[in-house]
Structure formats: structure tokens, C-alpha cells
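So this one's input.txt, compact mmCIF, C-alpha atoms:
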```txt
# COMPACT_ATOMS: atom_id res chain seq x y z
CA MET E 536 102.33 72.04 106.54
CA THR E 537 101.89 73.62 103.12
CA SER E 538 100.62 77.17 102.73
CA LYS E 539 97.49 75.85 101.01
CA THR E 540 96.70 73.55 103.95
CA LEU E 541 97.27 76.47 106.28
CA ARG E 542 95.03 78.73 104.22
CA ARG E 543 92.18 76.23 104.23
CA ARG E 544 92.29 76.12 108.03
CA LEU E 545 92.09 79.89 108.29
CA HIS E 546 88.63 80.15 106.80
CA HIS E 547 85.09 79.88 108.12
CA GLY E 548 84.80 80.44 111.43
CA ASP E 549 85.91 83.74 109.91
CA VAL E 550 83.18 85.44 107.94
CA ASP E 551 84.38 88.84 109.16
CA GLY E 552 88.08 88.19 108.86
CA LYS E 553 88.31 88.95 112.56
CA ARG E 554 88.12 85.52 114.17
CA ASN E 555 90.38 82.50 113.82
CA GLU E 556 92.81 84.32 111.53
CA GLN E 557 95.71 84.60 113.91
CA LEU E 558 98.20 84.52 111.04
CA GLU E 559 96.71 87.48 109.16
CA THR E 560 97.63 91.13 109.57
CA SER E 561 95.13 93.92 109.12
CA ARG E 562 95.87 94.02 105.39
CA LEU E 563 96.60 90.30 105.03
CA ASP E 564 100.20 90.49 103.94
CA SER E 565 100.73 87.15 102.26
CA LEU E 566 102.03 84.11 104.11
CA ASN E 567 105.39 84.19 102.33
CA GLU E 568 106.46 86.91 104.76
CA PRO E 569 108.18 85.88 108.00
CA LEU E 570 105.89 85.46 110.96
CA LEU E 571 108.65 86.61 113.31
CA GLY E 572 110.90 89.58 112.57
CA ASP E 573 114.58 90.07 113.47
CA TYR E 574 113.75 91.18 116.99
CA GLU E 575 117.33 91.38 118.27
CA SER E 576 118.47 93.55 115.38
CA ASP E 577 115.48 95.86 115.81
CA ARG E 578 116.13 96.14 119.54
CA ARG E 579 119.80 97.11 119.00
CA GLN E 580 118.81 99.71 116.45
CA LEU E 581 116.27 101.27 118.79
CA GLU E 582 118.80 101.31 121.62
CA GLY E 583 121.27 103.07 119.34
CA TYR E 584 118.72 105.78 118.61
CA ALA E 585 117.98 106.15 122.31
CA HIS E 586 121.69 106.82 123.03
CA GLY E 587 122.05 109.46 120.31
CA ASP E 588 123.59 107.21 117.64
CA SER E 589 121.21 108.60 115.01
CA TRP E 590 121.42 111.67 112.85
CA ASP E 591 120.13 114.93 114.24
CA ASP E 592 116.65 115.97 113.17
CA GLU E 593 117.80 118.32 110.42
CA SER E 594 120.06 115.70 108.84
CA LYS E 595 117.28 113.14 108.88
CA LYS E 596 114.82 115.56 107.29
CA GLU E 597 117.30 116.43 104.55
CA HIS E 598 118.08 112.77 103.92
CA LEU E 599 114.38 111.86 103.69
CA HIS E 600 113.73 114.81 101.38
CA TRP E 601 116.40 113.81 98.88
CA THR E 602 115.50 110.13 99.13
CA SER E 603 111.92 111.00 98.21
CA ILE E 604 113.02 113.10 95.23
CA PHE E 605 115.41 110.40 94.03
CA SER E 606 112.71 107.71 94.31
CA GLN E 607 110.28 109.81 92.29
CA LEU E 608 112.89 110.38 89.57
CA ILE E 609 113.59 106.65 89.35
CA ALA E 610 109.87 105.86 89.10
CA GLN E 611 109.37 108.50 86.38
CA TRP E 612 112.38 107.25 84.45
CA ALA E 613 111.20 103.65 84.67
CA GLN E 614 107.75 104.62 83.39
CA TRP E 615 109.29 106.62 80.53
CA PHE E 616 111.55 103.72 79.61
CA ALA E 617 108.62 101.29 79.65
CA ASN E 618 106.65 103.60 77.36
CA VAL E 619 109.59 103.79 74.95
CA ILE E 620 110.11 100.06 74.89
CA PHE E 621 106.51 98.87 74.85
CA GLY E 622 104.67 101.82 73.32
CA SER E 623 102.79 100.68 70.24
CA GLY E 624 104.06 103.64 68.23
CA SER E 625 107.68 103.63 69.35
CA THR E 626 110.60 102.65 67.16
CA LEU E 627 111.96 100.24 69.75
CA GLY E 628 108.46 98.88 70.28
CA ARG E 629 108.30 97.94 66.61
CA LEU E 630 111.83 96.56 66.49
CA LEU E 631 111.81 94.38 69.60
CA PRO E 632 109.91 91.11 69.01
CA PHE E 633 108.56 90.85 72.57
CA ALA E 634 107.19 94.39 72.69
CA ASN E 635 104.04 93.52 70.80
CA ASP E 636 103.31 90.41 72.87
CA SER E 637 102.21 92.25 76.00
CA ARG E 638 100.96 95.54 77.43
CA LEU E 639 102.08 97.41 80.51
CA ASP E 640 99.64 99.18 82.77
CA GLY E 641 100.38 102.05 85.12
CA LYS E 642 101.79 99.74 87.82
CA GLY E 643 103.99 97.73 85.46
CA THR E 644 101.65 94.75 85.14
CA VAL E 645 102.27 92.90 81.90
CA LEU E 646 99.19 91.67 80.04
CA SER E 647 99.43 88.77 77.64
CA PRO E 648 97.50 89.08 74.37
CA LEU E 649 94.98 86.57 75.76
CA GLN E 650 94.50 88.56 78.97
CA GLU E 651 94.10 91.77 77.02
CA GLU E 652 91.53 90.23 74.69
CA ARG E 653 89.50 88.80 77.57
CA LEU E 654 89.71 92.02 79.57
CA ASN E 655 88.40 93.99 76.59
CA LYS E 656 85.49 91.57 76.17
CA LEU E 657 84.64 91.77 79.87
CA GLN E 658 84.72 95.56 79.84
CA GLN E 659 82.42 95.59 76.82
CA ARG E 660 80.00 93.40 78.77
CA LEU E 661 80.18 95.79 81.71
CA LYS E 662 79.30 98.76 79.50
CA LEU E 663 76.14 97.18 78.08
CA PRO E 664 73.00 98.48 79.85
CA PHE E 665 69.93 96.35 80.34
CA ASP E 666 67.28 97.26 77.77
CA GLY E 667 63.84 95.80 78.41
CA SER E 668 62.80 96.52 74.82
CA GLN E 669 65.50 94.24 73.38
CA PRO E 670 64.27 90.68 72.56
CA GLU E 671 67.65 89.24 73.66
CA HIS E 672 67.32 90.85 77.07
CA GLN E 673 63.71 89.77 77.42
CA ASP E 674 64.71 86.19 76.56
CA ALA E 675 67.45 86.33 79.20
CA LEU E 676 64.90 87.26 81.86
CA ARG E 677 62.70 84.36 80.78
CA GLN E 678 65.72 82.03 80.93
CA LEU E 679 66.44 83.15 84.49
CA TRP E 680 62.86 82.39 85.52
CA ARG E 681 63.02 78.88 84.01
CA LEU E 682 66.27 78.18 85.84
CA ALA E 683 64.97 79.55 89.13
CA TYR E 684 61.57 77.85 88.97
CA PRO E 685 61.77 74.83 86.66
CA GLY E 686 58.36 73.42 85.79
CA ARG E 687 56.49 76.56 86.79
CA GLU E 688 54.50 78.66 84.37
CA LEU E 689 56.44 81.54 82.86
CA PRO E 690 54.86 84.88 83.84
CA ALA E 691 54.58 87.95 81.68
CA LEU E 692 57.58 90.28 81.72
CA LYS E 693 55.54 92.59 83.92
CA SER E 694 53.95 90.52 86.66
CA GLU E 695 53.71 90.47 90.43
CA ALA E 696 55.24 86.99 90.25
CA TRP E 697 58.70 88.50 89.70
CA LYS E 698 58.69 89.86 93.24
CA GLU E 699 59.01 86.28 94.49
CA MET E 700 62.52 86.17 92.99
CA GLY E 701 63.51 89.35 94.79
CA TRP E 702 62.76 92.06 92.26
CA GLN E 703 61.40 95.16 93.90
CA GLY E 704 58.43 95.61 91.57
CA SER E 705 56.41 93.83 88.95
CA ASP E 706 58.80 94.98 86.19
CA PRO E 707 62.36 93.63 86.71
CA SER E 708 63.79 95.96 84.07
CA THR E 709 63.44 98.91 86.46
CA ASP E 710 65.84 97.35 88.98
CA PHE E 711 69.02 97.10 86.87
CA ARG E 712 70.13 100.74 86.91
CA GLY E 713 73.95 100.71 87.14
CA GLY E 714 74.17 96.91 87.17
CA GLY E 715 73.71 96.52 83.44
CA PHE E 716 72.99 93.43 81.41
CA ILE E 717 76.01 91.63 82.89
CA SER E 718 74.26 91.39 86.26
CA LEU E 719 71.48 89.36 84.61
CA GLU E 720 74.10 87.23 82.87
CA ASN E 721 75.76 86.66 86.27
CA LEU E 722 72.50 85.41 87.79
CA ILE E 723 71.92 83.07 84.83
CA PHE E 724 75.50 81.77 85.11
CA PHE E 725 75.06 81.14 88.84
CA ALA E 726 71.79 79.27 88.31
CA SER E 727 73.27 77.20 85.48
CA LYS E 728 76.67 76.27 86.90
CA TYR E 729 75.89 76.00 90.62
CA PRO E 730 72.15 75.21 90.72
CA GLU E 731 72.16 73.78 94.25
CA SER E 732 73.86 76.83 95.74
CA PHE E 733 71.65 79.12 93.68
CA GLN E 734 68.49 77.44 94.94
CA ARG E 735 69.68 77.55 98.56
CA LEU E 736 70.23 81.28 98.35
CA LEU E 737 67.11 81.99 96.32
CA ASN E 738 64.91 80.12 98.79
CA LYS E 739 66.88 81.24 101.88
CA GLU E 740 67.39 77.66 103.01
CA ASP E 741 70.54 78.14 105.11
CA GLY E 742 70.62 79.28 108.71
CA ARG E 743 68.25 81.33 110.76
CA ARG E 744 66.80 84.00 108.52
CA ALA E 745 65.72 87.55 109.31
CA GLU E 746 62.10 88.60 109.26
CA TRP E 747 63.03 91.21 106.65
CA GLU E 748 65.37 89.41 104.24
CA TYR E 749 67.45 90.90 101.44
CA PRO E 750 65.76 90.65 98.00
CA PHE E 751 67.65 87.95 96.12
CA ALA E 752 67.67 89.34 92.57
CA VAL E 753 68.40 92.94 93.58
CA ALA E 754 71.21 91.73 95.85
CA GLY E 755 72.69 89.97 92.82
CA ILE E 756 72.73 93.22 90.85
CA ASN E 757 74.52 94.96 93.72
CA ILE E 758 77.14 92.21 93.87
CA SER E 759 77.91 92.57 90.15
CA PHE E 760 78.41 96.30 90.61
CA MET E 761 80.52 95.85 93.75
CA LEU E 762 82.84 93.37 92.00
CA ALA E 763 83.42 95.66 89.03
CA GLN E 764 84.35 98.48 91.41
CA MET E 765 86.52 96.34 93.65
CA LEU E 766 88.53 94.98 90.70
CA GLY E 767 88.86 98.36 88.97
CA LEU E 768 87.28 97.11 85.74
CA GLN E 769 85.35 100.21 84.71
CA SER E 770 88.01 101.38 82.25
CA GLY E 771 91.60 100.68 81.35
CA THR E 772 93.74 98.03 82.99
CA PRO E 773 93.15 97.36 86.70
CA THR E 774 95.88 98.77 88.92
CA CYS E 775 94.60 97.79 92.39
CA ASP E 776 95.98 94.64 94.02
CA ALA E 777 92.69 92.74 93.75
CA GLY E 778 92.35 93.69 90.09
CA ILE E 779 95.88 92.63 89.24
CA ARG E 780 95.31 89.24 90.89
CA PHE E 781 92.04 88.95 88.95
CA LEU E 782 93.93 89.42 85.68
CA ASP E 783 95.78 86.19 86.48
CA PHE E 784 92.43 84.46 86.92
CA LEU E 785 91.24 85.89 83.61
CA GLY E 786 94.28 84.50 81.83
CA GLU E 787 93.30 81.03 83.00
CA ASP E 788 89.51 81.27 82.63
CA GLU E 789 87.48 83.60 80.42
CA MET E 790 84.52 83.27 82.82
CA ALA E 791 86.54 84.18 85.91
CA PHE E 792 84.37 87.21 86.66
CA ASP E 793 81.19 85.11 86.61
CA ASP E 794 82.75 82.46 88.85
CA LEU E 795 83.97 85.11 91.26
CA TYR E 796 80.45 86.54 91.30
CA CYS E 797 79.07 83.19 92.49
CA VAL E 798 81.67 83.01 95.26
CA ALA E 799 80.90 86.60 96.31
CA PHE E 800 77.15 85.92 96.43
CA GLN E 801 77.62 82.85 98.61
CA MET E 802 80.07 84.76 100.79
CA MET E 803 77.62 87.62 101.19
CA ASP E 804 74.91 85.24 102.40
CA ALA E 805 77.33 83.74 104.94
CA GLN E 806 78.13 87.24 106.19
CA TRP E 807 74.42 88.03 106.38
CA LEU E 808 73.76 85.01 108.57
CA ALA E 809 76.79 85.56 110.79
CA LYS E 810 75.79 89.16 111.47
CA ARG E 811 72.12 88.22 111.89
CA ALA E 812 71.49 91.12 109.57
CA SER E 813 68.23 92.57 108.37
CA TYR E 814 67.26 94.51 105.25
CA MET E 815 68.53 97.90 106.41
CA GLU E 816 72.00 96.45 107.07
CA PHE E 817 72.54 95.12 103.55
CA ASN E 818 75.11 97.79 102.60
CA GLU E 819 77.16 97.00 105.71
CA VAL E 820 77.11 93.30 104.84
CA LEU E 821 78.17 94.09 101.27
CA LYS E 822 81.14 96.11 102.55
CA SER E 823 82.20 93.23 104.80
CA THR E 824 81.90 90.85 101.87
CA ARG E 825 84.15 93.04 99.76
CA ALA E 826 86.75 93.24 102.54
CA GLN E 827 86.80 89.48 103.01
CA LEU E 828 87.04 88.87 99.28
CA GLU E 829 90.00 91.25 99.03
CA ARG E 830 91.74 89.35 101.83
CA GLU E 831 91.26 86.03 100.10
CA LEU E 832 92.49 87.44 96.78
CA ALA E 833 95.68 88.51 98.57
CA LEU E 834 96.58 84.96 99.66
CA GLU E 835 99.83 83.90 98.02
CA ASP E 836 98.77 80.47 96.75
CA VAL E 837 95.60 81.64 95.01
CA SER E 838 95.93 81.35 91.23
CA SER E 839 92.29 80.82 90.24
CA VAL E 840 88.81 81.38 91.64
CA LYS E 841 88.70 77.74 92.71
CA ASP E 842 91.68 78.34 95.02
CA LEU E 843 89.76 80.85 97.12
CA PRO E 844 88.76 79.42 100.51
CA ALA E 845 85.19 80.69 100.05
CA PHE E 846 84.86 78.63 96.88
CA ASN E 847 84.29 75.67 99.20
CA LEU E 848 80.92 77.18 100.10
CA LEU E 849 79.67 76.56 96.56
CA ASN E 850 80.37 72.85 96.75
CA ARG E 851 78.99 71.81 100.09
```

Could you spell out this file's structure in C-alpha cells?
Amino acid sequence: MTSKTLRRRLHHGDVDGKRNEQLETSRLDSLNEPLLGDYESDRRQLEGYAHGDSWDDESKKEHLHWTSIFSQLIAQWAQWFANVIFGSGSTLGRLLPFANDSRLDGKGTVLSPLQEERLNKLQQRLKLPFDGSQPEHQDALRQLWRLAYPGRELPALKSEAWKEMGWQGSDPSTDFRGGGFISLENLIFFASKYPESFQRLLNKEDGRRAEWEYPFAVAGINISFMLAQMLGLQSGTPTCDAGIRFLDFLGEDEMAFDDLYCVAFQMMDAQWLAKRASYMEFNEVLKSTRAQLERELALEDVSSVKDLPAFNLLNR
């Protein structure tokens, strides 16, 4: 059985990552690790310690102390060497032909020129606030309405009709706050690329719904913000595990963030239904969604957004 087949069988039943994932550890160490350890060797080692075949406490403490110092020195030296080799202003960096083809981050992740270019563009998008006075931003809101309610009359930019989409007031521009313009772009992308899934979530068509449902549009803004935090995209090169995996996605697809947003939104709704949540539990559901997404990003055979098990939810 291939690891991909195995991964597909792990998912949904498991919206919490707590059921039907017998092969996962608490942090989802990838499936390339052995499922069974060297039990006999471990047992002999423990027996040796029990009979006094280990160092005395002082020797162990001294050994651990110097091991820690030595490890730190190696890490510092490796970072210094990387800066010398790859630093844009270094002599070696200018002399070596490969030095200008990539960039190292703080964890040693190498970025290709394409990844670096796309990351910079994405971070510029994330920095752009929503501005209701800008014609481009106003047009984007109108585009979202047309995609959400094709054939219906377009309301004014300040209208009670916007509440139907899940804005909290009659003026959607007051809801963006930290989400920025990219959160509106994410909603438009979702409605354009996956219209059936978008409509199901917008109209709350799946499952048994709560009396007090989450507001669709505002939930979308929160998901954009959560993703940016989870992936460490606010500034610099991501150094967290999820962010490093995302950089691989970005190298393959410039719109990887937008696609991941759609998966996260669909995943959040599945979590909402499984927990039978109501409005006041939205933050808890969002945290569970983030945790599940991080687990799926850690799977060894995931090389694009489409490889994520939850991507299947967009195509059913």
C-alpha cells in the first residue's frame, strides 16, 4: 500500500485529528518513520541503566553540558559559513556561480529565485489594507456580490443587503481590519475557482446547521489572517514547518495561498458541523482547523495543495 493510499484513508472521519488516525502521533511525525521501534535494543539499554551500567549523575550532567555547548558552536559556525557563502555582499557569494541562485533563511531553507519572487509578491499583497475609498477595492466588492448572487441586483456599497453575505453591518469596509485587501481577493478567488463549494458554504447547505451560524464573509477574513499567521508570512522567509512546506507549494503554483485558503475554509465548515458549534465557539473551531491543516501539511507525500486530504472536500 503506498503512503498516498494510506494517507487518503486516514482522513474524514477525522475532522479533529483525534479519530481514525491510528498511525499519527500527537505531532504527526511523517509516515517515513518506522511504526515500530527497536524494542529489544531499548529494553537492553534500560536494563543496563537499572543495573548501574550508566555514568553517575555528575558525569552525565557534565557530558550533557559540553554536548550542548558543542552543538551550539556547530550551529553558529554553520550559520556563519552560510552567510559567508551566500551573503549577497560577500566575496565568495560573488565568486561562486550558485550563490546568487538561491537564498537561505534562518533554518537553512534554500529559496529558488522563483520562490523568492512569488514570496515577495504574496507578502506585498498581505501588507495592502482594504481601502473603501479606492475604486479598485470598491469594484472588487461589487465583483464578489456578482459571483455570490448572480442575476441579482447589485446593492449600493452601503446597504443592509450585504448582511446576507455575512458582513456584520451595512458597510463591508468596516469588517476588514487586519484581514486586508487579500482577504477580499481570497473570497473572490474561492467564488471563481470553486463556485459549487463556495455556494454550499455561503448558503449553509451542508449538514445540520446551528441556530446562530458563523457569518460567512467575516469568517473568510479570519481564515485569511489565520493562514498568514500559521505560515509565518508576515515578514521575512517562513521558518516554521508549515511555512517551509508552503514554500514548496509556492514554487509550483503562484496562487498556492489562495488555493490553501479555499481548502481551509471548507475544512473549517467541516469542523463546525462535526462540533455542532455555534457562533460563540467560532474561535475554537478556527484553532482546530489550524491544527488539522498543520497536520496535513506535515504529511510526507504532500507536494502541492491538491495533495492535501482535505482538498477532496472541494471536489465532492

query: Can you tell me, as number ranges by chain, what residues are no more than 12 Å from stretch 790-792 of chain E when counting all atoms listed in the file, ignoring any on the same chain fewer than 2 positions away?
result: E: 650, 653-654, 656-658, 660-661, 717-718, 720-721, 724-725, 728, 758-763, 765-766, 768, 778, 780-788, 794-799, 838-842

query: atom CA of E:Val820 and atom CA of E:Gln703 are how many Å apart?
result: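 Here the two named atoms are 19.2 Å from each other.
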
- prompt: With only C-alpha atoms as the atoms that count, which of E:Ser647, E:Ser823, E:Ser727, E:Asn655 lies nearest to E:Trp680?
  reply: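 Ranking E:Ser647, E:Ser823, E:Ser727, E:Asn655 by distance to E:Trp680, first place goes to E:Ser727.
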
- request: Can you work out which one of E:Asn738, E:Gln659, E:Gln769, E:Gln764 has the shortest atom-to-atom distance to E:Arg825, counting all atoms listed in the file?
  value: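 Under the stated criterion, the closest residue is E:Gln764.
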
message: Taking all atoms listed in the file into account, name the residue in E:His672, E:Arg735, E:Arg743, E:Lys822 that is nearest to E:Gln801.
response: E:Arg735

task: Would you mind listing what lies within 12 Å of E:Phe751 as JSON, numbers by chain, with all atoms listed in the file counted and same-chain residues fewer than 2 positions away left out?
output: {"E": [683, 697, 698, 699, 700, 701, 702, 703, 710, 722, 733, 734, 735, 736, 737, 738, 739, 747, 748, 749, 753, 754, 755, 756, 757, 758, 800, 801, 803, 804, 814, 817]}

task: Have a look at atom CA of E:Leu849 and atom CA of E:Ala805 and let me know their distance in Å, one decimal.
output: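 Atom-to-atom, atom CA of E:Leu849 and atom CA of E:Ala805 are spaced 11.3 Å apart.
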
message: My list of candidates is E:Ile723, E:Lys662, E:Asp741, E:Pro690. Which is closest to E:Ala675 when distances are computed with only C-alpha atoms?
response: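 Answer, going by the shortest atom-to-atom distance: E:Ile723.
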
message: I want to know what sits within 7 Å of stretch 828-832 of chain E, based on all atoms listed in the file, with residues of the same chain fewer than 2 positions away left out; could you give that as an MDAnalysis selection string?
response: chainID E and resid 563 777 780 824:826 834 837 843

- prompt: So how many Å separate atom CA of E:Met802 and atom CA of E:Gly771, to one decimal?
  reply: 27.6 Å
